[in-house]
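Visitor: Here you go, work01.pdb (PDB, C-alpha atoms and all ligand atoms):
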```
ATOM      1  CA  MET A 273      84.504 123.597 -99.084
ATOM      2  CA  HIS A 274      82.026 125.846 -97.231
ATOM      3  CA  PRO A 275      78.443 124.530 -96.868
ATOM      4  CA  GLU A 276      76.675 127.847 -97.475
ATOM      5  CA  PRO A 277      78.267 130.204 -99.970
ATOM      6  CA  ILE A 278      78.164 133.912 -99.209
ATOM      7  CA  LEU A 279      76.896 136.352-101.828
ATOM      8  CA  ILE A 280      79.746 138.486-103.148
ATOM      9  CA  SER A 281      77.550 141.581-102.783
ATOM     10  CA  ALA A 282      77.639 141.018 -98.993
ATOM     11  CA  LEU A 283      81.245 142.269 -98.989
ATOM     12  CA  GLU A 284      80.181 145.769-100.001
ATOM     13  CA  HIS A 285      77.262 145.729 -97.550
ATOM     14  CA  TRP A 286      79.561 144.600 -94.730
ATOM     15  CA  SER A 287      82.160 147.220 -95.551
ATOM     16  CA  TYR A 288      79.502 149.966 -95.567
ATOM     17  CA  CYS A 289      77.844 148.807 -92.344
ATOM     18  CA  PRO A 290      77.902 145.328 -90.748
ATOM     19  CA  ARG A 291      74.343 145.846 -89.507
ATOM     20  CA  GLN A 292      73.143 146.612 -93.045
ATOM     21  CA  CYS A 293      74.797 143.363 -94.131
ATOM     22  CA  GLY A 294      73.006 141.515 -91.323
ATOM     23  CA  LEU A 295      69.620 143.024 -92.163
ATOM     24  CA  ILE A 296      69.999 141.925 -95.800
ATOM     25  CA  HIS A 297      71.736 138.574 -95.406
ATOM     26  CA  ILE A 298      70.365 137.359 -92.058
ATOM     27  CA  GLU A 299      66.906 138.932 -91.916
ATOM     28  CA  HIS A 300      66.413 139.217 -95.701
ATOM     29  CA  VAL A 301      65.182 142.800 -95.386
ATOM     30  CA  TRP A 302      65.377 144.964 -98.488
ATOM     31  CA  ASP A 303      64.064 148.400 -99.245
ATOM     32  CA  GLU A 304      64.747 150.936-101.958
ATOM     33  CA  ASN A 305      65.737 154.565-101.701
ATOM     34  CA  LEU A 306      67.043 157.090-104.200
ATOM     35  CA  PHE A 307      70.557 155.658-104.037
ATOM     36  CA  THR A 308      69.545 152.009-104.551
ATOM     37  CA  LEU A 309      67.173 152.960-107.390
ATOM     38  CA  ARG A 310      69.947 154.883-109.106
ATOM     39  CA  GLY A 311      72.197 151.849-108.688
ATOM     40  CA  GLN A 312      69.522 149.604-110.179
ATOM     41  CA  ILE A 313      69.159 151.833-113.235
ATOM     42  CA  ALA A 314      72.930 151.896-113.615
ATOM     43  CA  HIS A 315      73.067 148.106-113.528
ATOM     44  CA  GLU A 316      70.343 147.560-116.132
ATOM     45  CA  ARG A 317      73.056 147.828-118.790
ATOM     46  CA  VAL A 318      75.158 145.074-117.286
ATOM     47  CA  ASP A 319      72.519 142.727-115.884
ATOM     48  CA  GLU A 320      71.937 140.860-119.170
ATOM     49  CA  PRO A 321      74.370 138.011-119.743
ATOM     50  CA  VAL A 322      75.975 138.808-123.090
ATOM     51  CA  THR A 323      79.361 138.522-124.780
ATOM     52  CA  ARG A 324      80.633 141.593-126.612
ATOM     53  CA  SER A 325      83.739 142.701-128.366
ATOM     54  CA  GLU A 326      84.920 146.076-127.072
ATOM     55  CA  ARG A 327      88.071 147.805-128.293
ATOM     56  CA  GLY A 328      89.939 144.594-128.952
ATOM     57  CA  ALA A 329      88.771 142.783-125.809
ATOM     58  CA  ARG A 330      86.108 140.156-125.232
ATOM     59  CA  VAL A 331      83.760 141.325-122.510
ATOM     60  CA  GLU A 332      81.378 138.992-120.659
ATOM     61  CA  ARG A 333      78.556 140.796-118.893
ATOM     62  CA  ALA A 334      76.719 139.368-115.850
ATOM     63  CA  LEU A 335      79.191 136.477-115.636
ATOM     64  CA  PRO A 336      78.321 133.964-112.853
ATOM     65  CA  LEU A 337      81.142 133.559-110.318
ATOM     66  CA  TRP A 338      81.886 131.134-107.527
ATOM     67  CA  SER A 339      84.693 130.025-105.254
ATOM     68  CA  GLU A 340      84.764 126.759-103.367
ATOM     69  CA  VAL A 341      87.908 127.798-101.505
ATOM     70  CA  HIS A 342      86.338 130.968-100.102
ATOM     71  CA  GLY A 343      82.697 129.881-100.210
ATOM     72  CA  LEU A 344      81.456 132.668-102.484
ATOM     73  CA  THR A 345      78.841 132.994-105.182
ATOM     74  CA  GLY A 346      77.544 135.896-107.277
ATOM     75  CA  LYS A 347      78.207 137.526-110.583
ATOM     76  CA  ALA A 348      80.476 140.121-112.107
ATOM     77  CA  ASP A 349      78.980 143.126-113.878
ATOM     78  CA  ALA A 350      81.610 142.624-116.572
ATOM     79  CA  VAL A 351      84.795 140.626-117.061
ATOM     80  CA  GLU A 352      87.263 141.752-119.689
ATOM     81  CA  PHE A 353      89.502 139.231-121.448
ATOM     82  CA  ARG A 354      92.345 141.005-123.248
ATOM     83  CA  ASN A 355      95.567 139.405-124.495
ATOM     84  CA  GLY A 356      95.332 136.621-121.925
ATOM     85  CA  LYS A 357      94.666 139.059-119.078
ATOM     86  CA  ILE A 358      91.406 138.805-117.106
ATOM     87  CA  THR A 359      89.968 141.943-115.434
ATOM     88  CA  PRO A 360      86.728 142.091-113.429
ATOM     89  CA  ILE A 361      84.878 145.408-113.759
ATOM     90  CA  GLU A 362      82.306 146.605-111.229
ATOM     91  CA  TYR A 363      79.889 149.366-112.269
ATOM     92  CA  LYS A 364      78.969 152.037-109.738
ATOM     93  CA  ILE A 365      76.566 154.929-110.062
ATOM     94  CA  GLY A 366      78.505 157.354-107.859
ATOM     95  CA  ASP A 367      81.642 159.375-108.287
ATOM     96  CA  GLY A 368      84.286 157.369-106.485
ATOM     97  CA  SER A 369      83.235 157.814-102.851
ATOM     98  CA  GLN A 370      82.170 154.141-102.747
ATOM     99  CA  ALA A 371      85.544 152.902-103.974
ATOM    100  CA  VAL A 372      86.672 151.587-100.587
ATOM    101  CA  HIS A 373      83.591 149.377-100.192
ATOM    102  CA  ALA A 374      83.452 148.365-103.858
ATOM    103  CA  SER A 375      87.126 147.345-103.859
ATOM    104  CA  LEU A 376      86.438 144.509-101.402
ATOM    105  CA  GLN A 377      83.622 143.277-103.627
ATOM    106  CA  LEU A 378      85.884 143.533-106.677
ATOM    107  CA  CYS A 379      88.657 141.634-104.919
ATOM    108  CA  ALA A 380      86.190 138.853-103.998
ATOM    109  CA  GLN A 381      85.230 138.641-107.682
ATOM    110  CA  ALA A 382      88.896 138.317-108.592
ATOM    111  CA  LEU A 383      89.385 135.506-106.035
ATOM    112  CA  CYS A 384      86.549 133.635-107.768
ATOM    113  CA  LEU A 385      87.949 134.261-111.247
ATOM    114  CA  GLU A 386      91.425 133.118-110.203
ATOM    115  CA  GLU A 387      89.947 129.843-108.977
ATOM    116  CA  MET A 388      87.678 129.433-112.027
ATOM    117  CA  PHE A 389      90.331 130.180-114.679
ATOM    118  CA  GLY A 390      93.474 129.081-112.804
ATOM    119  CA  GLN A 391      95.390 132.279-113.393
ATOM    120  CA  ALA A 392      96.511 135.260-111.360
ATOM    121  CA  ILE A 393      94.485 138.461-111.599
ATOM    122  CA  PRO A 394      96.622 141.420-110.542
ATOM    123  CA  GLU A 395      94.005 144.139-110.927
ATOM    124  CA  GLY A 396      90.340 144.935-111.361
ATOM    125  CA  ALA A 397      88.480 148.087-112.334
ATOM    126  CA  LEU A 398      85.632 150.235-111.015
ATOM    127  CA  TYR A 399      83.604 152.101-113.607
ATOM    128  CA  PHE A 400      81.779 155.166-112.297
ATOM    129  CA  ILE A 401      78.764 155.819-114.484
ATOM    130  CA  LYS A 402      78.191 159.395-113.296
ATOM    131  CA  THR A 403      81.690 160.562-114.199
ATOM    132  CA  ARG A 404      82.328 157.891-116.891
ATOM    133  CA  GLN A 405      85.665 157.199-115.272
ATOM    134  CA  ARG A 406      87.370 153.869-115.012
ATOM    135  CA  GLN A 407      89.548 153.421-111.961
ATOM    136  CA  THR A 408      92.076 150.625-111.812
ATOM    137  CA  VAL A 409      92.183 148.792-108.473
ATOM    138  CA  GLU A 410      95.390 146.917-107.719
ATOM    139  CA  LEU A 411      94.602 143.669-105.952
ATOM    140  CA  THR A 412      97.387 143.980-103.425
ATOM    141  CA  ALA A 413      98.248 141.478-100.698
ATOM    142  CA  ASP A 414      96.729 143.918 -98.202
ATOM    143  CA  LEU A 415      93.404 144.190-100.076
ATOM    144  CA  ARG A 416      93.286 140.405-100.468
ATOM    145  CA  SER A 417      93.877 139.923 -96.770
ATOM    146  CA  GLN A 418      91.149 142.466 -95.881
ATOM    147  CA  THR A 419      88.770 140.669 -98.254
ATOM    148  CA  VAL A 420      89.465 137.219 -96.813
ATOM    149  CA  GLN A 421      89.042 138.605 -93.292
ATOM    150  CA  ALA A 422      85.731 140.259 -94.238
ATOM    151  CA  ILE A 423      84.494 136.968 -95.741
ATOM    152  CA  ALA A 424      85.289 135.179 -92.465
ATOM    153  CA  GLU A 425      83.563 137.898 -90.403
ATOM    154  CA  ILE A 426      80.466 137.863 -92.622
ATOM    155  CA  ARG A 427      80.257 134.067 -92.424
ATOM    156  CA  ALA A 428      80.564 134.148 -88.630
ATOM    157  CA  SER A 429      77.942 136.899 -88.421
ATOM    158  CA  ILE A 430      75.457 135.077 -90.674
ATOM    159  CA  GLU A 431      76.003 131.774 -88.873
ATOM    160  CA  SER A 432      75.420 133.443 -85.507
ATOM    161  CA  GLY A 433      72.067 134.768 -86.733
ATOM    162  CA  VAL A 434      72.594 137.834 -84.544
ATOM    163  CA  LEU A 435      72.258 141.305 -86.071
ATOM    164  CA  PRO A 436      75.380 143.450 -85.614
ATOM    165  CA  GLU A 437      74.956 146.450 -83.344
ATOM    166  CA  VAL A 438      73.420 149.657 -84.567
ATOM    167  CA  ARG A 439      75.637 152.689 -85.116
ATOM    168  CA  TRP A 440      73.787 155.946 -85.728
ATOM    169  CA  ASP A 441      76.012 158.106 -87.899
ATOM    170  CA  ARG A 442      76.138 159.878 -91.256
ATOM    171  CA  ARG A 443      76.073 156.592 -93.232
ATOM    172  CA  CYS A 444      72.505 156.066 -92.042
ATOM    173  CA  PHE A 445      71.228 159.017 -94.091
ATOM    174  CA  LYS A 446      72.090 157.201 -97.324
ATOM    175  CA  CYS A 447      70.991 153.768 -96.120
ATOM    176  CA  SER A 448      67.782 152.401 -97.664
ATOM    177  CA  LEU A 449      67.223 150.231 -94.572
ATOM    178  CA  ILE A 450      66.958 153.108 -92.126
ATOM    179  CA  ASP A 451      63.238 152.438 -91.483
ATOM    180  CA  ALA A 452      63.862 148.761 -90.740
ATOM    181  CA  CYS A 453      66.955 149.495 -88.657
ATOM    182  CA  LEU A 454      65.705 152.415 -86.536
ATOM    183  CA  PRO A 455      69.250 153.581 -85.716
ATOM    184  CA  GLN A 456      68.282 156.812 -84.012
ATOM    185  CA  ALA A 457      65.679 155.222 -81.728
ATOM    186  CA  LEU A 458      67.895 152.270 -80.830
ATOM    187  CA  THR A 459      70.904 154.475 -80.129
ATOM    188  CA  ALA A 460      68.802 156.778 -77.953
ATOM    189  CA  ALA A 461      67.359 153.768 -76.145
ATOM    190  CA  GLU A 462      70.818 152.316 -75.579
ATOM    191  CA  SER A 463      72.074 155.585 -74.128
ATOM    192  CA  GLN A 464      69.065 155.730 -71.792
ATOM    193  CA  LYS A 465      69.080 151.978 -71.164
ATOM    194  CA  VAL A 466      65.380 151.564 -71.905
ATOM    195  CA  SER A 467      63.578 149.850 -74.740
ATOM    196  CA  PRO A 468      62.463 152.199 -77.546
ATOM    197  CA  PHE A 469      59.158 150.342 -77.510
ATOM    198  CA  GLN A 470      58.636 150.898 -73.806
ATOM    199  CA  PRO A 471      56.665 154.051 -72.972
ATOM    200  CA  ARG A 472      58.938 156.438 -71.088
ATOM    201  CA  THR A 473      56.295 158.780 -69.720
ATOM    202  CA  GLU A 474      52.557 158.724 -69.341
ATOM    203  CA  ALA A 475      52.295 160.966 -72.365
ATOM    204  CA  ASP A 476      53.866 158.179 -74.468
ATOM    205  CA  LEU A 477      50.994 155.816 -73.735
ATOM    206  CA  PRO A 478      48.426 155.358 -76.522
TER     207      PRO A 478
HETATM  208  S1  LIG A 501      70.524 152.711 -90.808
HETATM  209 FE1  LIG A 501      72.690 153.028 -90.224
HETATM  210  S2  LIG A 501      73.146 151.465 -88.631
HETATM  211 FE2  LIG A 501      71.237 150.882 -89.705
HETATM  212  S3  LIG A 501      71.873 149.477 -91.304
HETATM  213 FE3  LIG A 501      71.779 151.501 -92.242
HETATM  214  S4  LIG A 501      73.838 152.362 -92.034
HETATM  215 FE4  LIG A 501      73.714 150.624 -90.657
END
```
What would the structure in this file look like if it were written as structure tokens?
Ligand code: SF4

Guide:
Amino acid sequence: MHPEPILISALEHWSYCPRQCGLIHIEHVWDENLFTLRGQIAHERVDEPVTRSERGARVERALPLWSEVHGLTGKADAVEFRNGKITPIEYKIGDGSQAVHASLQLCAQALCLEEMFGQAIPEGALYFIKTRQRQTVELTADLRSQTVQAIAEIRASIESGVLPEVRWDRRCFKCSLIDACLPQALTAAESQKVSPFQPRTEADLP
């Protein structure tokens, strides 16, 4: 058993950018931007714990999840129980471009559900609110191995207490933590080997 469980949401943060994961889960920094606010609105529907019957299936919304084996905790947006089959469903605001990151999170949910219910879960689903499309995600051996590896890397990163390195690229434009992270300044400073907080010329002095 792991002493400190990792939040399942950290998997998506880590997959998007390890530094973003560190800012949120080591430094507890959070900020909103258009993309996070849209995500919040999208999740309002699934944030209330409730049991519903939908097209012949029982659906549990906001179901708490945990795994002692993997040291995880969190909740699933929705879990569908149909004819003995269990399927976690993760809601996303976008159009499918986040599927790679969300699949790790979904797989971590499935690992929890397998431990909680003692049965194999071969697939999960992503539901894209913008396009109203449901995409099945096969929980392959490869995806499971990537998920377990990411969990280990996140745990090591959090335990080290050291923020992962900055990487200034196109992901930063959609990142709500850009003001806390300062990717452009830190990257420029790294390339010039000076501190971004150190005046470089006399004109920089207050
Ligand atoms: S601004 Fe860029 S480098 Fe910084 S946390 Fe966000 S995505 Fe990562």

Visitor: Could you tell me which of A:Asn305, A:Leu398, A:Gly346, A:Ile280 comes closest to Cys293 in chain A if we count all atoms listed in the file?

Guide: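 Residue with the minimum atom-to-atom distance to Cys293 in chain A: A:Ile280.
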
Visitor: May I ask for the distance between CA of Arg404 in chain A and CA of Gly368 in chain A, given in Å to one decimal place?

Guide: 10.6 Å

Visitor: For CA of Ala422 in chain A and CA of Leu283 in chain A, determine how far apart the two atoms are, in Å to one decimal place.

Guide: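 Interatomic distance, CA of Ala422 in chain A to CA of Leu283 in chain A: 6.8 Å.
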
Visitor: Can you list, as a PyMOL selection string, every protein, DNA or RNA residue that comes within 6 Å of range 409-419 of chain A when you count all atoms listed in the file, leaving out same-chain residues fewer than 3 positions away?

Guide: chain A and resi 376+394-397+422

Visitor: Restrict the calculation to only C-alpha atoms and all ligand atoms, then for each residue of chain A with any atom at most 10 Å from an atom of ligand LIG 501 (chain A) give the closest atom pair and their distance in Å to one decimal, rows by chain and rising residue number, as JSON lines.

Guide:
```
{"residue": "A:His285", "atom": "CA", "partner": "A:LIG501", "partner_atom": "S3", "distance": 9.1}
{"residue": "A:Trp286", "atom": "CA", "partner": "A:LIG501", "partner_atom": "FE4", "distance": 9.3}
{"residue": "A:Tyr288", "atom": "CA", "partner": "A:LIG501", "partner_atom": "S4", "distance": 7.1}
{"residue": "A:Cys289", "atom": "CA", "partner": "A:LIG501", "partner_atom": "FE4", "distance": 4.8}
{"residue": "A:Pro290", "atom": "CA", "partner": "A:LIG501", "partner_atom": "FE4", "distance": 6.8}
{"residue": "A:Arg291", "atom": "CA", "partner": "A:LIG501", "partner_atom": "S3", "distance": 4.7}
{"residue": "A:Gln292", "atom": "CA", "partner": "A:LIG501", "partner_atom": "S3", "distance": 3.6}
{"residue": "A:Cys293", "atom": "CA", "partner": "A:LIG501", "partner_atom": "S3", "distance": 7.3}
{"residue": "A:Gly294", "atom": "CA", "partner": "A:LIG501", "partner_atom": "S3", "distance": 8.0}
{"residue": "A:Leu295", "atom": "CA", "partner": "A:LIG501", "partner_atom": "S3", "distance": 6.9}
{"residue": "A:Ile296", "atom": "CA", "partner": "A:LIG501", "partner_atom": "S3", "distance": 9.0}
{"residue": "A:Leu435", "atom": "CA", "partner": "A:LIG501", "partner_atom": "S3", "distance": 9.7}
{"residue": "A:Pro436", "atom": "CA", "partner": "A:LIG501", "partner_atom": "S2", "distance": 8.9}
{"residue": "A:Glu437", "atom": "CA", "partner": "A:LIG501", "partner_atom": "S2", "distance": 7.5}
{"residue": "A:Val438", "atom": "CA", "partner": "A:LIG501", "partner_atom": "S2", "distance": 4.5}
{"residue": "A:Arg439", "atom": "CA", "partner": "A:LIG501", "partner_atom": "S2", "distance": 4.5}
{"residue": "A:Trp440", "atom": "CA", "partner": "A:LIG501", "partner_atom": "S2", "distance": 5.4}
{"residue": "A:Asp441", "atom": "CA", "partner": "A:LIG501", "partner_atom": "FE1", "distance": 6.5}
{"residue": "A:Arg442", "atom": "CA", "partner": "A:LIG501", "partner_atom": "FE1", "distance": 7.7}
{"residue": "A:Arg443", "atom": "CA", "partner": "A:LIG501", "partner_atom": "S4", "distance": 4.9}
{"residue": "A:Cys444", "atom": "CA", "partner": "A:LIG501", "partner_atom": "FE1", "distance": 3.5}
{"residue": "A:Phe445", "atom": "CA", "partner": "A:LIG501", "partner_atom": "S1", "distance": 7.1}
{"residue": "A:Lys446", "atom": "CA", "partner": "A:LIG501", "partner_atom": "S4", "distance": 7.4}
{"residue": "A:Cys447", "atom": "CA", "partner": "A:LIG501", "partner_atom": "FE3", "distance": 4.6}
{"residue": "A:Ser448", "atom": "CA", "partner": "A:LIG501", "partner_atom": "FE3", "distance": 6.8}
{"residue": "A:Leu449", "atom": "CA", "partner": "A:LIG501", "partner_atom": "FE3", "distance": 5.3}
{"residue": "A:Ile450", "atom": "CA", "partner": "A:LIG501", "partner_atom": "S1", "distance": 3.8}
{"residue": "A:Asp451", "atom": "CA", "partner": "A:LIG501", "partner_atom": "S1", "distance": 7.3}
{"residue": "A:Ala452", "atom": "CA", "partner": "A:LIG501", "partner_atom": "FE2", "distance": 7.7}
{"residue": "A:Cys453", "atom": "CA", "partner": "A:LIG501", "partner_atom": "FE2", "distance": 4.6}
{"residue": "A:Leu454", "atom": "CA", "partner": "A:LIG501", "partner_atom": "S1", "distance": 6.4}
{"residue": "A:Pro455", "atom": "CA", "partner": "A:LIG501", "partner_atom": "FE2", "distance": 5.2}
{"residue": "A:Gln456", "atom": "CA", "partner": "A:LIG501", "partner_atom": "S1", "distance": 8.2}
{"residue": "A:Leu458", "atom": "CA", "partner": "A:LIG501", "partner_atom": "S2", "distance": 9.4}
{"residue": "A:Thr459", "atom": "CA", "partner": "A:LIG501", "partner_atom": "S2", "distance": 9.3}
```

Visitor: Between CA of Arg333 in chain A and CA of Glu320 in chain A, what is the spacing in Å?

Guide: 6.6 Å

Visitor: From the list A:Ile430, A:Ala334, A:Ala457, A:Ile401, which residue is nearest Glu276 in chain A when using all atoms listed in the file?

Guide: A:Ile430

Visitor: For range 353-362 of chain A, work out the shell of residues within 8 Å, counting all atoms listed in the file and skipping chain neighbours fewer than 2 positions away, then give it as a PyMOL selection string.

Guide: chain A and resi 328-331+348-351+364+374+378+381-382+393+395-399

Visitor: Restricting the calculation to only C-alpha atoms, which member of A:Ser281, A:Gln421, A:Ser325, A:Ser375 is positioned closest to Leu344 in chain A?

Guide: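 So, comparing all the options, the nearest one is A:Ser281.
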
Visitor: Of the candidates A:Pro277, A:Gln370, A:Ala392, A:Cys384, which one gets nearest to Arg427 in chain A if we count only C-alpha atoms?

Guide: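 Checking each of A:Pro277, A:Gln370, A:Ala392, A:Cys384 against Arg427 in chain A, counting only C-alpha atoms, the winner is A:Pro277.
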
Visitor: With only C-alpha atoms as the basis for distance, which of A:Gln405, A:Gln377, A:Ser369, A:Thr323 is at the shortest distance from Thr345 in chain A?

Guide: A:Gln377

Visitor: Using only C-alpha atoms, which residue out of A:Val341, A:Tyr363, A:His297, A:Ser287 lies closest to Asp319 in chain A?

Guide: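 Closest to Asp319 in chain A, using only C-alpha atoms: A:Tyr363.
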
Visitor: Mind filling out range 361-372 of chain A with N, CA, C and O atoms and sending it as a CSV table (one decimal), in the coordinates of the input?

Guide:
```csv
chain,number,residue,atom,x,y,z
A,361,ILE,N,85.3,144.0,-113.8
A,361,ILE,CA,84.9,145.4,-113.8
A,361,ILE,C,83.5,145.5,-113.0
A,361,ILE,O,82.6,144.9,-113.4
A,362,GLU,N,83.5,146.4,-112.0
A,362,GLU,CA,82.3,146.6,-111.2
A,362,GLU,C,81.8,148.0,-111.6
A,362,GLU,O,82.5,149.0,-111.5
A,363,TYR,N,80.5,148.1,-111.9
A,363,TYR,CA,79.9,149.4,-112.3
A,363,TYR,C,79.3,150.0,-111.0
A,363,TYR,O,78.6,149.3,-110.3
A,364,LYS,N,79.5,151.3,-110.9
A,364,LYS,CA,79.0,152.0,-109.7
A,364,LYS,C,78.4,153.3,-110.3
A,364,LYS,O,78.9,154.0,-111.2
A,365,ILE,N,77.3,153.7,-109.6
A,365,ILE,CA,76.6,154.9,-110.1
A,365,ILE,C,77.3,156.2,-109.6
A,365,ILE,O,77.2,157.2,-110.3
A,366,GLY,N,78.0,156.1,-108.5
A,366,GLY,CA,78.5,157.4,-107.9
A,366,GLY,C,79.8,157.9,-108.5
A,366,GLY,O,80.0,157.6,-109.7
A,367,ASP,N,80.5,158.6,-107.7
A,367,ASP,CA,81.6,159.4,-108.3
A,367,ASP,C,83.0,158.9,-107.7
A,367,ASP,O,84.0,159.6,-107.8
A,368,GLY,N,83.0,157.8,-107.0
A,368,GLY,CA,84.3,157.4,-106.5
A,368,GLY,C,84.3,157.3,-105.0
A,368,GLY,O,85.2,156.6,-104.4
A,369,SER,N,83.3,157.8,-104.3
A,369,SER,CA,83.2,157.8,-102.9
A,369,SER,C,83.0,156.4,-102.3
A,369,SER,O,83.2,156.1,-101.2
A,370,GLN,N,82.4,155.5,-103.2
A,370,GLN,CA,82.2,154.1,-102.7
A,370,GLN,C,83.3,153.2,-103.0
A,370,GLN,O,83.2,152.0,-102.8
A,371,ALA,N,84.4,153.8,-103.5
A,371,ALA,CA,85.5,152.9,-104.0
A,371,ALA,C,86.1,152.0,-102.9
A,371,ALA,O,86.4,150.8,-103.2
A,372,VAL,N,86.1,152.4,-101.7
A,372,VAL,CA,86.7,151.6,-100.6
A,372,VAL,C,85.8,150.3,-100.4
A,372,VAL,O,86.3,149.2,-100.3
```
